[in-house]
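Novice: I have a structure I would like to understand better, so I am pasting it below and will then ask my questions one at a time.
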Amino acid sequence: MALTRAKLEELIAAGEIEVGGGGVNPNILHNWDFRNPVNQRAAPNNDSSLGYKIDRWTRTQGTAILRYDSSGITLDNSNGTTNAYFIQIIESPEQYANETVTLSAEIKGYTGAPRVFVRGTNVYGSIIASSIGIISSIPITLPNDVGTQGLGVWWYLMPGEVMKLSRIKLEGGTLSTLNVTPPMSHAEELLKCQRFYESLPMIHYIANGTSMLVPLSLWKVHKRVIPTITFYSFSRVVGGVSSIGDSGSFYAVSSVNVPSTTGFRWAVAANNNLVSGSYYVGQLAVSADL
Amino acid sequence: MSKVYVHTDASGRIIAINSDAFLPDLTDWMQVDDGEGDRYRHAQGNYLPDGLTTEQGNYRYKLADGQLTERTSEEIQADIDAMPPPEPTAQERTEKAAKVMFRALAKTDVISQQDALANQQMFERWIDRIDTQVTSGEYLQYEDGLYRVQQTHTVLEIYPPSTATAALYTRINHPDVIPEWTQGSWDAGVKVRHNGKIWESMVPNNVWEPGSIGVGENIWKEVAA
């Protein structure tokens with residue numbers, strides 16, 4: 001029997017055939033799947049400190065506790081006395097001027113009425129945790145001056161509130177496609193995140209003199225702007241094995257020469273005790289975070 | 001809002017710059033500015049218009065009366081002038097030791113004249129020894145040749161190696177090269193051409209003309225080529 005259009009529609013109506021919803025929009029947000037997020041900083045569990053935690057997301061206010069587990073991230077402001085925020089700042093907001101976007105999040109748990117905002121100086125739109133499951137916003141048309149105001153997605157919790165999310169999405173258009181979005185590709189998101197921050201556990205150097213370290217390997221992903229470089233350690237390689245520096249001291253870096261979005265030429269060690277011609281290894285972090 | 005901090009050395013040179021976003025301890029750091037955006041947050045690489053150092057590693061800026069100020073070219077040049085010479089590499093040290101040993105062995109004839117000639121780049125240049133004492137047996141390079149010091153003396157610029165100073169220097173020639181005899185002092189064993197014949201000097205400091213009346217074979221001996 002030929003498969004006619006009428007027969008096809010009959011089968012669909014009977015549930016014999018499932019039909020897809022027409023495609024998945026890309027997520028404007030990075031590192032959006034909190035079940036297995038990119039976490040180059042190894043941000044600790046049950047932590048209330050401020051600053052960048054998992055990649056691209058930063059705590060800017062409050063004493064709420066951030067917790068991770070396999071089903072998502074919880075921001076617990078139950079004992080807080082001020083509002084608590086967990087924010088991703090979106091790069092180049094001006095390109096979204098007058099665009100319509102939709103915010104959605106998968107709520108795994110909540111206490112009170114925590115919110116997720118799309119905002120800059122002003123709030124452009126929001127969702128309120130009011131039930132478990134995927135909650136999406138009404139379409140949000142971003143203002144013409146979003147480039148000046150800024151654009152970010154904020155977890156926004158007042159004192160006493162708690163919220164757990166497994167996924168979050170900001171996408172173009174008027175509909176949420178979070179429900180048909182496959183799990184985040186960790187590898188793909190790692191590369192996106194590394195444009196903003198990269199942790200390099202082992203960089204090799206050669207000492208060119210007693211105070212100058214010349215890197216032999218640099219970061220692979222170009223940074224969005226000349227980054228801030230933080231050196232965490234050096235140790236001299238002796239006989240192929242890295243060991244503590246000759247005096248057991250940490251060679252603090254006093255300056256970095258000609259940094260760029262891809263690397264730097266040399267670092268000046270502060271204590272002038274390097275062994276010229278020797279090899280060193282060390283850990284550093286490269287931040288171009290917004 | 002990000003705050004920009006600098007760290008100076010004892011002379012007021014700014015040797016580091018960063019923002020409060022990346023400085024857990026602000027001891028010995030001084031705030032110079034604040035603002036929004038990458039220039040302030042990532043001040044380490046973005047705040048100073050020309051970078052913290054020159055490409056040669058000299059610090060461009062100083063803190064004067066609490067103000068971040070660009071250092072003058074004279075100040076930077078003074079830093080360059082005060083820099084110690086670079087440490088020799090392991091290869092340079094090895095090469096230097098090899099030259100010292102080679103020269104000592106050549107001076108004492110452990111190394112033959114012809115081997116010395118074949119490795120004349122191991123020896124010092126005569127021009128670098130002006131106003132210094134050279135000792136008998138040393139070898140010196142001069143222009144394209146290699147010369148051996150005949151007697152200990154202080155090198156003077158007006159008396160370079162030549163046949164006119166044969167009492168001081170003897171040119172070491174390749175055995176296949178037989179120079180034309182000229183008036184001067186010739187070492188024992190040297191061969192010269194003169195009047196169509198080849199002569200071998202039988203004595204050191206030989207100032208006689210080969211084949212002239214009264215100059216016998218005990219002074220200049222005619223030999224085959």
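Letters for chains follow the order of the structure tokens (A, B, ...), residue numbers begin at 1 for each chain, and ligand numbers begin at 1 in the order shown.
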Go through chain A and flag each residue having an atom no more than 7 Å from chain B; for those, report the closest pair of atoms plus their distance in Å to one decimal, using only C-alpha atoms, ordered by chain and rising number, as a tab-separated table.

Specialist:
residue	atom	partner	partner_atom	distance
A:Ile226	CA	B:Gly45	CA	5.6
A:Pro227	CA	B:His42	CA	6.2
A:Thr228	CA	B:His42	CA	5.4
A:Ser254	CA	B:Ala16	CA	5.7
A:Ser255	CA	B:Ala16	CA	5.1
A:Asn257	CA	B:Thr53	CA	6.3
A:Val258	CA	B:Gly51	CA	6.7
A:Pro259	CA	B:Gly45	CA	6.1

Novice: Produce a file of the selected residues containing all heavy atoms, as a PDB file, in the first residue's frame.

Specialist:
ATOM      1  N   ILE A 226      44.120  40.884  24.996  1.00  0.00           N
ATOM      2  CA  ILE A 226      45.376  40.541  25.672  1.00  0.00           C
ATOM      3  C   ILE A 226      45.049  40.142  27.108  1.00  0.00           C
ATOM      4  O   ILE A 226      44.499  40.934  27.858  1.00  0.00           O
ATOM      5  CB  ILE A 226      46.360  41.729  25.665  1.00  0.00           C
ATOM      6  CG1 ILE A 226      46.752  42.068  24.231  1.00  0.00           C
ATOM      7  CG2 ILE A 226      47.611  41.373  26.469  1.00  0.00           C
ATOM      8  CD1 ILE A 226      47.650  43.274  24.110  1.00  0.00           C
ATOM      9  N   PRO A 227      45.347  38.919  27.480  1.00  0.00           N
ATOM     10  CA  PRO A 227      44.864  38.417  28.764  1.00  0.00           C
ATOM     11  C   PRO A 227      45.755  38.814  29.933  1.00  0.00           C
ATOM     12  O   PRO A 227      46.879  39.283  29.745  1.00  0.00           O
ATOM     13  CB  PRO A 227      44.906  36.897  28.561  1.00  0.00           C
ATOM     14  CG  PRO A 227      46.074  36.701  27.644  1.00  0.00           C
ATOM     15  CD  PRO A 227      46.068  37.901  26.722  1.00  0.00           C
ATOM     16  N   THR A 228      45.238  38.600  31.115  1.00  0.00           N
ATOM     17  CA  THR A 228      46.044  38.723  32.330  1.00  0.00           C
ATOM     18  C   THR A 228      46.625  37.352  32.625  1.00  0.00           C
ATOM     19  O   THR A 228      45.904  36.365  32.671  1.00  0.00           O
ATOM     20  CB  THR A 228      45.182  39.204  33.505  1.00  0.00           C
ATOM     21  OG1 THR A 228      44.628  40.474  33.166  1.00  0.00           O
ATOM     22  CG2 THR A 228      46.035  39.334  34.759  1.00  0.00           C
ATOM     23  N   SER A 254      57.897  39.199  38.117  1.00  0.00           N
ATOM     24  CA  SER A 254      57.705  40.629  38.332  1.00  0.00           C
ATOM     25  C   SER A 254      57.138  41.314  37.101  1.00  0.00           C
ATOM     26  O   SER A 254      56.496  42.345  37.217  1.00  0.00           O
ATOM     27  CB  SER A 254      59.021  41.275  38.725  1.00  0.00           C
ATOM     28  OG  SER A 254      59.947  41.206  37.656  1.00  0.00           O
ATOM     29  N   SER A 255      57.367  40.779  35.933  1.00  0.00           N
ATOM     30  CA  SER A 255      56.789  41.405  34.744  1.00  0.00           C
ATOM     31  C   SER A 255      56.768  40.414  33.600  1.00  0.00           C
ATOM     32  O   SER A 255      57.528  39.458  33.563  1.00  0.00           O
ATOM     33  CB  SER A 255      57.575  42.651  34.336  1.00  0.00           C
ATOM     34  OG  SER A 255      58.886  42.316  33.949  1.00  0.00           O
ATOM     35  N   ASN A 257      56.842  40.225  29.416  1.00  0.00           N
ATOM     36  CA  ASN A 257      57.245  41.043  28.273  1.00  0.00           C
ATOM     37  C   ASN A 257      56.406  40.765  27.053  1.00  0.00           C
ATOM     38  O   ASN A 257      56.236  39.619  26.665  1.00  0.00           O
ATOM     39  CB  ASN A 257      58.723  40.784  27.968  1.00  0.00           C
ATOM     40  CG  ASN A 257      59.226  41.675  26.843  1.00  0.00           C
ATOM     41  OD1 ASN A 257      59.207  41.303  25.682  1.00  0.00           O
ATOM     42  ND2 ASN A 257      59.639  42.861  27.194  1.00  0.00           N
ATOM     43  N   VAL A 258      55.875  41.842  26.472  1.00  0.00           N
ATOM     44  CA  VAL A 258      55.116  41.798  25.216  1.00  0.00           C
ATOM     45  C   VAL A 258      54.050  40.700  25.229  1.00  0.00           C
ATOM     46  O   VAL A 258      54.119  39.745  24.451  1.00  0.00           O
ATOM     47  CB  VAL A 258      56.055  41.609  24.001  1.00  0.00           C
ATOM     48  CG1 VAL A 258      55.326  41.944  22.705  1.00  0.00           C
ATOM     49  CG2 VAL A 258      57.265  42.510  24.124  1.00  0.00           C
ATOM     50  N   PRO A 259      53.070  40.796  26.133  1.00  0.00           N
ATOM     51  CA  PRO A 259      51.983  39.818  26.066  1.00  0.00           C
ATOM     52  C   PRO A 259      51.077  40.115  24.875  1.00  0.00           C
ATOM     53  O   PRO A 259      50.949  41.259  24.453  1.00  0.00           O
ATOM     54  CB  PRO A 259      51.241  40.026  27.391  1.00  0.00           C
ATOM     55  CG  PRO A 259      51.501  41.448  27.741  1.00  0.00           C
ATOM     56  CD  PRO A 259      52.871  41.774  27.214  1.00  0.00           C
TER      57      PRO A 259
END

Novice: Name the residues of region 52-81 of chain B that fall into alpha helix (DSSP H) according to DSSP on the backbone, using the chain letters and numbers of this document, as a list of chain:residue names.

Specialist: B:Ser73, B:Glu74, B:Glu75, B:Ile76, B:Gln77, B:Ala78, B:Asp79, B:Ile80, B:Asp81

Novice: Please dump the current selection as a PDB file, in the first residue's frame; keep N, CA and C atoms.

Specialist:
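Okay, part19.pdb is ready:
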ATOM      1  N   SER B  73      64.234  58.678  27.146  1.00  0.00           N
ATOM      2  CA  SER B  73      65.122  57.772  26.422  1.00  0.00           C
ATOM      3  C   SER B  73      66.485  57.716  27.105  1.00  0.00           C
ATOM      4  N   GLU B  74      66.888  58.817  27.750  1.00  0.00           N
ATOM      5  CA  GLU B  74      68.175  58.819  28.456  1.00  0.00           C
ATOM      6  C   GLU B  74      68.130  57.885  29.663  1.00  0.00           C
ATOM      7  N   GLU B  75      67.010  57.892  30.362  1.00  0.00           N
ATOM      8  CA  GLU B  75      66.874  57.004  31.528  1.00  0.00           C
ATOM      9  C   GLU B  75      66.927  55.547  31.090  1.00  0.00           C
ATOM     10  N   ILE B  76      66.249  55.258  29.996  1.00  0.00           N
ATOM     11  CA  ILE B  76      66.232  53.874  29.514  1.00  0.00           C
ATOM     12  C   ILE B  76      67.622  53.476  29.030  1.00  0.00           C
ATOM     13  N   GLN B  77      68.306  54.403  28.355  1.00  0.00           N
ATOM     14  CA  GLN B  77      69.650  54.098  27.871  1.00  0.00           C
ATOM     15  C   GLN B  77      70.609  53.847  29.025  1.00  0.00           C
ATOM     16  N   ALA B  78      70.415  54.567  30.106  1.00  0.00           N
ATOM     17  CA  ALA B  78      71.260  54.355  31.280  1.00  0.00           C
ATOM     18  C   ALA B  78      71.072  52.938  31.829  1.00  0.00           C
ATOM     19  N   ASP B  79      69.859  52.450  31.768  1.00  0.00           N
ATOM     20  CA  ASP B  79      69.614  51.064  32.201  1.00  0.00           C
ATOM     21  C   ASP B  79      70.353  50.100  31.289  1.00  0.00           C
ATOM     22  N   ILE B  80      70.306  50.373  29.991  1.00  0.00           N
ATOM     23  CA  ILE B  80      70.962  49.494  29.031  1.00  0.00           C
ATOM     24  C   ILE B  80      72.474  49.496  29.277  1.00  0.00           C
ATOM     25  N   ASP B  81      73.017  50.693  29.503  1.00  0.00           N
ATOM     26  CA  ASP B  81      74.463  50.807  29.723  1.00  0.00           C
ATOM     27  C   ASP B  81      74.913  50.098  31.002  1.00  0.00           C
TER      28      ASP B  81
END

Novice: Between A:Ile128, A:Val153, A:Val162, A:Val116, single out the one closest to Thr58 (chain A), counting only C-alpha atoms.

Specialist: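 Ranked by minimum distance to Thr58 (chain A), first place goes to A:Val153.
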
Novice: Pull the strand (DSSP E) assignments for region 65-280 of chain A out of DSSP run on the backbone, and list those residues as a PyMOL selection string.

Specialist: chain A and resi 65-69+72-76+84-89+100-111+115-119+123-128+133-136+140-141+152-157+162-172+197-207+212-215+228-238+241-243+253-257+266-269+279-280

Novice: Give me, as a PyMOL selection string, all polymer residues having an atom no more than 6 Å from Tyr197 (chain A), counting only C-alpha atoms and skipping those fewer than 6 positions away in the same chain.

Specialist: chain A and resi 286-288

Novice: Residues within 12 Å of region 163-173 of chain B, please, as a PyMOL selection string. Count only C-alpha atoms; anything in the same chain fewer than 2 positions from it doesn't count.

Specialist: chain B and resi 112-120+126+134-156+158-161+175-192+204-207

Novice: Since we have the selection now, will you write its residues out, keeping C-alpha atoms, as a JSON list (two decimals), in the first residue's frame?

Specialist:
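Listing of again-v5.json after writing:
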[["chain", "number", "residue", "atom", "x", "y", "z"],
["B", 112, "SER", "CA", 103.50, 21.77, 14.76],
["B", 113, "GLN", "CA", 103.70, 24.99, 12.83],
["B", 114, "GLN", "CA", 101.70, 23.52, 9.99],
["B", 115, "ASP", "CA", 98.92, 22.37, 12.33],
["B", 116, "ALA", "CA", 98.95, 25.82, 13.85],
["B", 117, "LEU", "CA", 98.63, 27.32, 10.38],
["B", 118, "ALA", "CA", 95.75, 24.98, 9.54],
["B", 119, "ASN", "CA", 93.93, 26.22, 12.67],
["B", 120, "GLN", "CA", 95.01, 29.82, 12.67],
["B", 126, "TRP", "CA", 97.92, 41.00, 16.52],
["B", 134, "VAL", "CA", 103.82, 38.95, 23.74],
["B", 135, "THR", "CA", 106.25, 36.16, 24.53],
["B", 136, "SER", "CA", 108.52, 34.18, 22.29],
["B", 137, "GLY", "CA", 106.81, 31.25, 20.62],
["B", 138, "GLU", "CA", 103.31, 32.75, 20.64],
["B", 139, "TYR", "CA", 101.32, 32.83, 17.40],
["B", 140, "LEU", "CA", 99.34, 35.85, 16.23],
["B", 141, "GLN", "CA", 97.03, 36.43, 13.29],
["B", 142, "TYR", "CA", 97.76, 39.50, 11.21],
["B", 143, "GLU", "CA", 95.83, 40.40, 8.08],
["B", 144, "ASP", "CA", 95.49, 37.07, 6.28],
["B", 145, "GLY", "CA", 98.57, 35.43, 7.74],
["B", 146, "LEU", "CA", 99.81, 33.68, 10.85],
["B", 147, "TYR", "CA", 103.01, 34.88, 12.53],
["B", 148, "ARG", "CA", 105.16, 33.51, 15.28],
["B", 149, "VAL", "CA", 106.73, 35.78, 17.88],
["B", 150, "GLN", "CA", 110.49, 35.50, 17.75],
["B", 151, "GLN", "CA", 111.29, 37.41, 20.91],
["B", 152, "THR", "CA", 109.37, 38.68, 23.91],
["B", 153, "HIS", "CA", 108.41, 42.32, 23.49],
["B", 154, "THR", "CA", 105.65, 44.89, 23.87],
["B", 155, "VAL", "CA", 103.56, 45.15, 20.74],
["B", 156, "LEU", "CA", 103.63, 48.60, 19.18],
["B", 158, "ILE", "CA", 104.03, 51.14, 14.37],
["B", 159, "TYR", "CA", 105.78, 47.77, 14.10],
["B", 160, "PRO", "CA", 103.32, 45.29, 12.59],
["B", 161, "PRO", "CA", 104.46, 41.88, 11.38],
["B", 175, "PRO", "CA", 105.09, 24.18, 2.91],
["B", 176, "ASP", "CA", 104.07, 24.42, -0.74],
["B", 177, "VAL", "CA", 104.31, 28.21, -0.69],
["B", 178, "ILE", "CA", 107.87, 29.50, -1.16],
["B", 179, "PRO", "CA", 108.02, 33.28, -0.84],
["B", 180, "GLU", "CA", 110.33, 35.56, -2.76],
["B", 181, "TRP", "CA", 113.36, 36.55, -0.68],
["B", 182, "THR", "CA", 113.36, 40.14, 0.58],
["B", 183, "GLN", "CA", 115.84, 41.93, 2.79],
["B", 184, "GLY", "CA", 114.93, 41.11, 6.36],
["B", 185, "SER", "CA", 115.34, 38.41, 8.99],
["B", 186, "TRP", "CA", 114.47, 34.80, 8.11],
["B", 187, "ASP", "CA", 114.02, 31.91, 10.48],
["B", 188, "ALA", "CA", 115.95, 28.65, 10.22],
["B", 189, "GLY", "CA", 114.32, 26.09, 7.92],
["B", 190, "VAL", "CA", 112.43, 28.67, 5.85],
["B", 191, "LYS", "CA", 112.70, 28.33, 2.05],
["B", 192, "VAL", "CA", 112.79, 31.32, -0.27],
["B", 204, "PRO", "CA", 117.86, 31.73, 12.60],
["B", 205, "ASN", "CA", 117.61, 35.49, 12.15],
["B", 206, "ASN", "CA", 119.20, 35.14, 8.75],
["B", 207, "VAL", "CA", 119.72, 38.61, 7.24]]

Novice: Kindly give the distance, in Å, that separates CA of Arg56 (chain A) and CA of Ser2 (chain B), rounded to a single decimal.

Specialist: 18.0 Å

Novice: Which residue, A:Ile138, A:Leu11, A:Ala113, A:Leu50, has the smallest gap to Gly160 (chain A) when you use only C-alpha atoms?

Specialist: A:Ala113

Novice: So that I can check the surroundings of Gln40 (chain A), please list as a PyMOL selection string every protein, DNA and RNA residue that reaches within 8 Å of it, counting only C-alpha atoms and ignoring chain neighbours fewer than 4 positions away.

Specialist: chain A and resi 54-55+198-199

Novice: Write out as a count of residues only which residues come within 9 Å of Met202 (chain A) when counting only C-alpha atoms, dropping same-chain ones fewer than 2 positions away.

Specialist: 6

Novice: What does the distance between CA of Arg129 (chain B) and CA of Glu157 (chain B) come to in Å, to one decimal place?

Specialist: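 Interatomic distance here is 9.3 Å.
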
Novice: One decimal, Å: what's the distance from CA of Asp128 (chain B) over to CA of Gly209 (chain A), could you say?

Specialist: 28.5 Å

Novice: Write out as a list in words which residues come within 6 Å of region 63-80 of chain A when counting only C-alpha atoms, dropping same-chain ones fewer than 3 positions away.

Specialist: Phe34, Arg35, Asn45, Asn46, Asp47, Ser48, Pro159, Gly160, Glu161, Val162, Met163, Lys164, Leu165 and Ser166 of chain A

Novice: I need the chosen residues saved as a compact mmCIF listing (two decimals), in the first residue's frame, with all heavy atoms.

Specialist:
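Produced file again.txt, reproduced below:
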# COMPACT_ATOMS: atom_id res chain seq x y z
N PHE A 34 24.65 22.49 33.28
CA PHE A 34 25.26 22.43 34.60
C PHE A 34 25.42 21.00 35.12
O PHE A 34 25.91 20.80 36.23
CB PHE A 34 24.43 23.27 35.58
CG PHE A 34 24.30 24.70 35.16
CD1 PHE A 34 23.05 25.30 35.04
CD2 PHE A 34 25.42 25.46 34.84
CE1 PHE A 34 22.93 26.63 34.64
CE2 PHE A 34 25.30 26.79 34.45
CZ PHE A 34 24.06 27.37 34.34
N ARG A 35 25.01 20.03 34.37
CA ARG A 35 25.19 18.64 34.80
C ARG A 35 26.63 18.19 34.60
O ARG A 35 27.11 17.30 35.30
CB ARG A 35 24.23 17.73 34.02
CG ARG A 35 22.77 18.04 34.31
CD ARG A 35 21.84 17.33 33.37
NE ARG A 35 22.04 17.75 31.97
CZ ARG A 35 21.27 17.34 30.96
NH1 ARG A 35 20.26 16.52 31.18
NH2 ARG A 35 21.52 17.76 29.73
N ASN A 45 33.36 22.69 45.40
CA ASN A 45 31.96 22.49 45.77
C ASN A 45 31.70 23.16 47.12
O ASN A 45 32.62 23.37 47.90
CB ASN A 45 31.68 20.99 45.85
CG ASN A 45 30.24 20.68 45.56
OD1 ASN A 45 29.37 21.58 45.58
ND2 ASN A 45 29.95 19.42 45.28
N ASN A 46 30.44 23.51 47.35
CA ASN A 46 30.06 24.11 48.64
C ASN A 46 30.90 25.35 48.97
O ASN A 46 31.45 25.49 50.06
CB ASN A 46 30.20 23.09 49.77
CG ASN A 46 29.18 21.98 49.65
OD1 ASN A 46 27.97 22.23 49.64
ND2 ASN A 46 29.65 20.76 49.51
N ASP A 47 30.98 26.22 48.02
CA ASP A 47 31.83 27.40 48.15
C ASP A 47 30.98 28.66 48.12
O ASP A 47 30.03 28.75 47.34
CB ASP A 47 32.84 27.41 47.00
CG ASP A 47 33.76 28.59 47.07
OD1 ASP A 47 34.41 28.78 48.12
OD2 ASP A 47 33.83 29.34 46.07
N SER A 48 31.33 29.63 48.95
CA SER A 48 30.55 30.87 48.99
C SER A 48 31.36 32.07 48.55
O SER A 48 30.88 33.21 48.64
CB SER A 48 30.02 31.10 50.41
OG SER A 48 31.10 31.23 51.32
N PRO A 159 17.54 37.02 49.80
CA PRO A 159 17.83 36.25 51.02
C PRO A 159 16.74 35.21 51.30
O PRO A 159 15.54 35.50 51.18
CB PRO A 159 17.87 37.33 52.11
CG PRO A 159 18.29 38.56 51.39
CD PRO A 159 17.65 38.46 50.03
N GLY A 160 17.18 34.01 51.62
CA GLY A 160 16.25 32.93 51.93
C GLY A 160 15.91 32.05 50.73
O GLY A 160 15.32 31.00 50.89
N GLU A 161 16.28 32.47 49.56
CA GLU A 161 15.91 31.71 48.35
C GLU A 161 16.99 30.72 47.95
O GLU A 161 18.17 30.90 48.25
CB GLU A 161 15.60 32.68 47.20
CG GLU A 161 14.35 33.51 47.45
CD GLU A 161 14.00 34.44 46.29
OE1 GLU A 161 14.90 34.79 45.51
OE2 GLU A 161 12.81 34.81 46.17
N VAL A 162 16.54 29.68 47.25
CA VAL A 162 17.43 28.62 46.74
C VAL A 162 16.96 28.28 45.34
O VAL A 162 15.75 28.29 45.07
CB VAL A 162 17.37 27.36 47.63
CG1 VAL A 162 18.30 26.28 47.09
CG2 VAL A 162 17.72 27.70 49.08
N MET A 163 17.88 27.96 44.45
CA MET A 163 17.48 27.54 43.11
C MET A 163 18.50 26.54 42.58
O MET A 163 19.71 26.75 42.72
CB MET A 163 17.37 28.72 42.17
CG MET A 163 16.89 28.35 40.76
SD MET A 163 16.31 29.76 39.79
CE MET A 163 17.80 30.68 39.58
N LYS A 164 17.96 25.48 41.95
CA LYS A 164 18.83 24.49 41.30
C LYS A 164 18.42 24.42 39.84
O LYS A 164 17.24 24.20 39.52
CB LYS A 164 18.70 23.12 41.94
CG LYS A 164 19.62 22.08 41.30
CD LYS A 164 19.57 20.77 42.05
CE LYS A 164 20.56 19.77 41.45
NZ LYS A 164 20.57 18.49 42.21
N LEU A 165 19.41 24.57 38.96
CA LEU A 165 19.18 24.47 37.53
C LEU A 165 20.02 23.35 36.95
O LEU A 165 21.16 23.15 37.38
CB LEU A 165 19.55 25.78 36.81
CG LEU A 165 18.85 27.06 37.24
CD1 LEU A 165 19.32 28.23 36.37
CD2 LEU A 165 17.34 26.92 37.17
N SER A 166 19.50 22.68 35.96
CA SER A 166 20.32 21.69 35.25
C SER A 166 20.80 22.25 33.91
O SER A 166 21.88 21.92 33.46
CB SER A 166 19.55 20.39 35.03
OG SER A 166 18.40 20.65 34.24
